[in-house]
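Worksheet for the structure shown next.
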Amino acid sequence: MATLPNRQLIVKLFDKEVTLDYPNTRGLINISIMKANISKQQYEAISNSNSADDTYIRFLINCIAVLSVLAPELEKTLNVKNYFELDPLDSSKLLKVYLKQIFPWMNEWQNALSSDPEEVAKKEKKD
């Protein structure tokens with residue numbers, strides 16, 4: 001079997017170390033549902049837009065959805081009612097951590113989960 005990414009990722013958000021556990025199936029579904037809800041069912045339209053603003057918003061939606069599921073306690077420590085009340089500069093800080101650390105980790109998992117286990121086993125035998 002292919003080597004899987006680490007099950008946990010530790011990131012620093014607003015001077016707090018936060019441990020993220022890769023979500024179970026329910027968590028993965030909840031992330032997708034949150035993306036749709038946050039975008040008022042316009043996630044696909046936002047994703048398909050070529051504007052820089054929409055690209056930023058798409059990643060911000062992803063960031064909020066992922067952190068809401070993987071680190072629900074973080075929101076409570078930010079002195080705001082919810083992520084939507086964050087100052088844009090603070091949400092930009094969150095987004096930078098998301099893009100540099102969390103997004104690549106989630107992509108590693110997605111690639112591992114999307115790969116054909118039989119093909120991976122064949123490749124490992126060749127190596």
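Ordered as shown in the structure tokens, chains take letters A, B, and onward, while each chain numbers its residues from 1 and ligands are numbered from 1 in the order shown.
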
Which residues of range 55-93 of chain A come within 9 Å of range 9-18 of chain A, and for each one, what is the closest pair of atoms and their distance in Å to one decimal, counting only C-alpha atoms, sorted by chain and residue number, as JSON lines?
{"residue": "A:Ala71", "atom": "CA", "partner": "A:Val18", "partner_atom": "CA", "distance": 7.4}
{"residue": "A:Leu74", "atom": "CA", "partner": "A:Val18", "partner_atom": "CA", "distance": 7.8}
{"residue": "A:Leu78", "atom": "CA", "partner": "A:Phe14", "partner_atom": "CA", "distance": 8.3}
{"residue": "A:Asp90", "atom": "CA", "partner": "A:Phe14", "partner_atom": "CA", "distance": 8.6}
{"residue": "A:Lys93", "atom": "CA", "partner": "A:Leu13", "partner_atom": "CA", "distance": 8.1}

With a distance cut-off of 10 Å and only C-alpha atoms, select the neighbouring residues of Leu95 in chain A, excluding the residue or stretch itself and same-chain residues fewer than 6 positions from it, and output the selection as a compact mmCIF listing (two decimals) with C-alpha atoms, in the first residue's frame.
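What landed in selection16.txt:
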# COMPACT_ATOMS: atom_id res chain seq x y z
CA TYR A 56 -9.52 34.59 -3.64
CA PHE A 59 -9.99 29.75 -1.46
CA LEU A 60 -11.43 31.73 1.45
CA ILE A 61 -14.61 29.63 1.31
CA ASN A 62 -12.48 26.47 1.27
CA CYS A 63 -10.41 27.72 4.18
CA ILE A 64 -13.44 28.54 6.33
CA LEU A 89 -6.61 41.25 7.22
CA GLN A 101 0.15 24.20 4.72
CA ILE A 102 -3.42 22.93 4.96
CA PHE A 103 -4.38 22.92 1.27

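Between CA of Asp21 in chain A and CA of Tyr98 in chain A there is a distance of 14.3 Å.
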
**OP:** List every residue of chain A that DSSP, applied to the backbone of this structure, places in alpha helix (DSSP H), and write the result as a ChimeraX atom specification.
**Re:** /A:25-38,43-48,52-70,72-77,88-97,103-114,117-126

**OP:** Might you pull out every residue within 10 Å of range 107-116 of chain A, with only C-alpha atoms counted and same-chain residues fewer than 6 positions away left off, and present them as a list in words?
**Re:**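 Result of the neighbour search: Ala2, Thr3, Leu4, Pro5, Asn6, Arg7 and Tyr22 of chain A.
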
Just the selected residues (C-alpha atoms), exported as a tab-separated table (two decimals), in the first residue's frame, please.
chain	number	residue	atom	x	y	z
A	2	ALA	CA	1.18	3.52	-0.75
A	3	THR	CA	2.54	5.63	2.03
A	4	LEU	CA	-0.25	7.83	3.27
A	5	PRO	CA	0.21	11.44	4.33
A	6	ASN	CA	0.33	12.16	8.04
A	7	ARG	CA	-3.06	11.82	9.68
A	22	TYR	CA	-7.72	14.48	8.63

**OP:** May I have all residues of chain A that DSSP, computed from the backbone, assigns to strand (DSSP E or B), given as a PyMOL selection string?
**Re:** chain A and resi 8-13+16-21

Subject >> Spatial neighbours of range 36-50 of chain A, 10 Å, only C-alpha atoms, chain gap at least 2 places, as a PyMOL selection string >> reply: chain A and resi 30-34+52-59+61-62+64-65+84

Export of prior selection with C-alpha atoms as a compact mmCIF listing (two decimals), in the first residue's frame:
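Okay, part10.txt is ready:
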# COMPACT_ATOMS: atom_id res chain seq x y z
CA ASN A 30 -19.54 18.33 5.87
CA ILE A 31 -16.70 20.33 4.28
CA SER A 32 -18.39 20.07 0.87
CA ILE A 33 -21.77 20.97 2.30
CA MET A 34 -20.27 23.98 4.07
CA ALA A 52 -8.81 37.21 -9.23
CA ASP A 53 -11.49 38.27 -6.74
CA ASP A 54 -13.45 35.06 -7.21
CA THR A 55 -10.32 32.93 -6.96
CA TYR A 56 -9.52 34.59 -3.64
CA ILE A 57 -13.11 34.11 -2.45
CA ARG A 58 -13.11 30.44 -3.51
CA PHE A 59 -9.99 29.75 -1.46
CA ILE A 61 -14.61 29.63 1.31
CA ASN A 62 -12.48 26.47 1.27
CA ILE A 64 -13.44 28.54 6.33
CA ALA A 65 -15.16 25.25 5.52
CA PHE A 84 -17.44 35.76 8.69

**OP:** Just give me the gap between CA of Val69 in chain A and CA of Gly27 in chain A in Å, one decimal is fine.
**Re:** 6.4 Å
